[in-house]
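Novice: One structure, pasted below without further comment.
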Protein chains: 2
Amino acid sequence: MKADIFVLSAPAGGGKTTIANLLLKEIPDLQRIVTYTTRKPRPGEKNGVDYVFVSKEEFEKLIQENAFLEHAIVHGNYYGTPKREVFELIEKGIDVLLVIDVQGMRQIKSNYKDIISIFLIPPSFDELKLRMKKRGDSEEEIEKRLHTAIKELKAWKEYDFIVINDDIQKAKENTKYIILSNRLKTKRFDISKIEDEKLRNLLK
Amino acid sequence: MKADIFVLSAPAGGGKTTIANLLLKEIPDLQRIVTYTTRKPRPGEKNGVDYVFVSKEEFEKLIQENAFLEHAIVHGNYYGTPKREVFELIEKGIDVLLVIDVQGMRQIKSNYKDIISIFLIPPSFDELKLRMKKRGDSEEEIEKRLHTAIKELKAWKEYDFIVINDDIQKAKENTKYIILSNRLKTKRFDISKIEDEKLRNLLK
């Protein structure tokens with residue numbers, strides 16, 4: 001295996017986007033796959049950067065073409081991870097970071113057992129609420145999202161790693177350790193990268 | 001599992017002792033178990049710190065008492081890891097770092113599948129030779145050790161992680177990532193450490 005698929009999940013307001021962006025800046029050979037969605041862009045969100053925004057019709061056509069690694073309907077909108085982009089990166093030796101929800105993780109895991117899944121847990125329930133408010137979600141939206149968050153929190157046991165997000169920098173560092181240490185796994189060791197010929201021959 | 005057993009191996013001159021000492025300084029809740037041996041202390045080596053130096057008779061008595069997690073004869077001398085000290089630390093939630101050779105790793109792995117094994121690889125064969133010379137080993141000693149080193153290098157595939165030791169600081173950091181990320185594994189997550197009662201109850 002030349003590279004791996006990392007799934008980063010958290011309840012809404014759990015800080016997964018912030019941490020993902022920090023990781024992508026700091027870690028070489030790590031790339032994010034932009035999720036396709038049919039939901040409307042929030043103010044400031046850019047097409048092709050935050051999400052690929054497509055129509056319901058386009059999305060359903062892609063489902064039929066089996067173009068998604070996983071897809072789901074959340075609050076009435078489609079979300080999906082395009083398959084081709086993921087495996088193009090893996091083939092190049094670039095780790096893939098997928099920022100997706102619990103449903104998405106389950107779908108991918110059912111087909112790809114070897115993904116590495118990371119679940120971010122907020123430090124407290126009130127902090128989670130606060131973050132949703134800060135983000136400017138409406139009261140009704142917050143209620144709906146809290147309901148989902150409570151359900152999602154219970155899924156922590158299904159993940160490989162748990163990172164408590166009480167401090168963004170600390171949580172980012174911890175997530176970084178997971179991604180970097182994975183590169184040191186024996187299955188990722190590439191003898192051909194050993195420059196010394198004598199040593200390379202001994203290792204064969 | 002409250003804590004884990006890490007095995008750090010490298011061919012002689014591979015830098016395992018230096019790296020182990022740096023890790024023990026930097027990482028909280030990580031302790032080394034001092035190996036028992038019947039070999040004579042080298043200049044500067046302290047009893048109970050570098051090794052526990054015992055007589056052949058004492059060592060053989062301990063073998064009969066099943067007091068070792070692993071033990072082996074290397075170049076005519078016994079080396080052994082005391083079992084009790086390891087599990088006392090694990091029970092306290094302290095990760096254990098064992099700096100042992102390939103034979104030792106194999107023995108432990110045959111009884112304890114869940115150990116995390118790390119193999120340090122020197123950047124080149126000549127560098128390995130050079131380090132042995134720097135350490136002041138005699139020509140004869142170096143020949144003997146090189147022979148062992150070549151055999152040991154071939155065991156890299158049996159380890160969980162490979163760290164290339166071309167730069168002590170970098171190799172130390174990489175090994176640190178392995179130890180720290182392991183603490184984030186879901187099996188190591190302890191709900192009782194979540195201070196917020198509301199969140200703790202949701203996670204149950």
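Following the order of the structure tokens, first chain is A, next is B, and so on, with residues numbered from 1 inside each chain and ligands from 1 in the order they appear.
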Mind listing as JSON, numbers by chain which residues of chain A are within 7 Å of chain B, counting only C-alpha atoms?
Specialist: {"A": [124, 125, 150, 153, 154, 157, 159, 160, 161, 162, 163, 174, 177, 178, 180, 181, 184, 185, 186, 189, 196, 198, 199, 202, 203]}
Novice: Can you pull out every residue within 8 Å of region 131-139 of chain B, counting only C-alpha atoms, but drop anything in the same chain fewer than 5 positions away, and send it as a list of chain:residue names?
Specialist: B:Ala12, B:Gly13, B:Gly14
Novice: Please report the interatomic distance between CA of Glu60 (chain B) and CA of Val7 (chain B) in Å with one decimal.
Specialist: 23.6 Å
Novice: Pick the closest to Ala149 (chain B) from B:Ser9, B:Thr37, B:Asn66, B:Asn77: which is it, counting only C-alpha atoms?
Specialist: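 Using only C-alpha atoms, Ala149 (chain B) sits closest to B:Ser9.
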Novice: Between B:Leu22, B:Ala72, B:Leu130, B:Ala3, which one has atoms that come closest to Leu146 (chain B), using only C-alpha atoms?
Specialist: B:Leu130
Novice: What lies within 7 Å of Tyr51 (chain B) using only C-alpha atoms, ignoring chain neighbours under 3 positions off, as a list in words?
Specialist: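 Surrounding residues, per the criterion: Val34, Thr35, Tyr36, Thr37, Lys46, Asn47 and Gly48 of chain B.
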Novice: Take the residues from that selection and write them out as an mmCIF file, in the first residue's frame, keeping C-alpha atoms.
Specialist:
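Once everything was written out, this is out22.cif:
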```
data_model
loop_
_atom_site.group_PDB
_atom_site.id
_atom_site.type_symbol
_atom_site.label_atom_id
_atom_site.label_comp_id
_atom_site.auth_asym_id
_atom_site.auth_seq_id
_atom_site.Cartn_x
_atom_site.Cartn_y
_atom_site.Cartn_z
ATOM 1 C CA VAL B 34 16.123 -2.479 32.893
ATOM 2 C CA THR B 35 17.387 -5.705 31.345
ATOM 3 C CA TYR B 36 19.125 -8.332 33.460
ATOM 4 C CA THR B 37 22.423 -9.596 32.101
ATOM 5 C CA LYS B 46 25.794 1.478 36.056
ATOM 6 C CA ASN B 47 24.150 -1.480 37.740
ATOM 7 C CA GLY B 48 20.365 -1.024 37.902
#
```
Novice: For Gly15 (chain A), which of A:Val99, A:Thr38, A:Asp114, A:His147 is the closest residue, counting only C-alpha atoms?
Specialist: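 Checking each candidate against Gly15 (chain A), we get A:Val99 as the closest.
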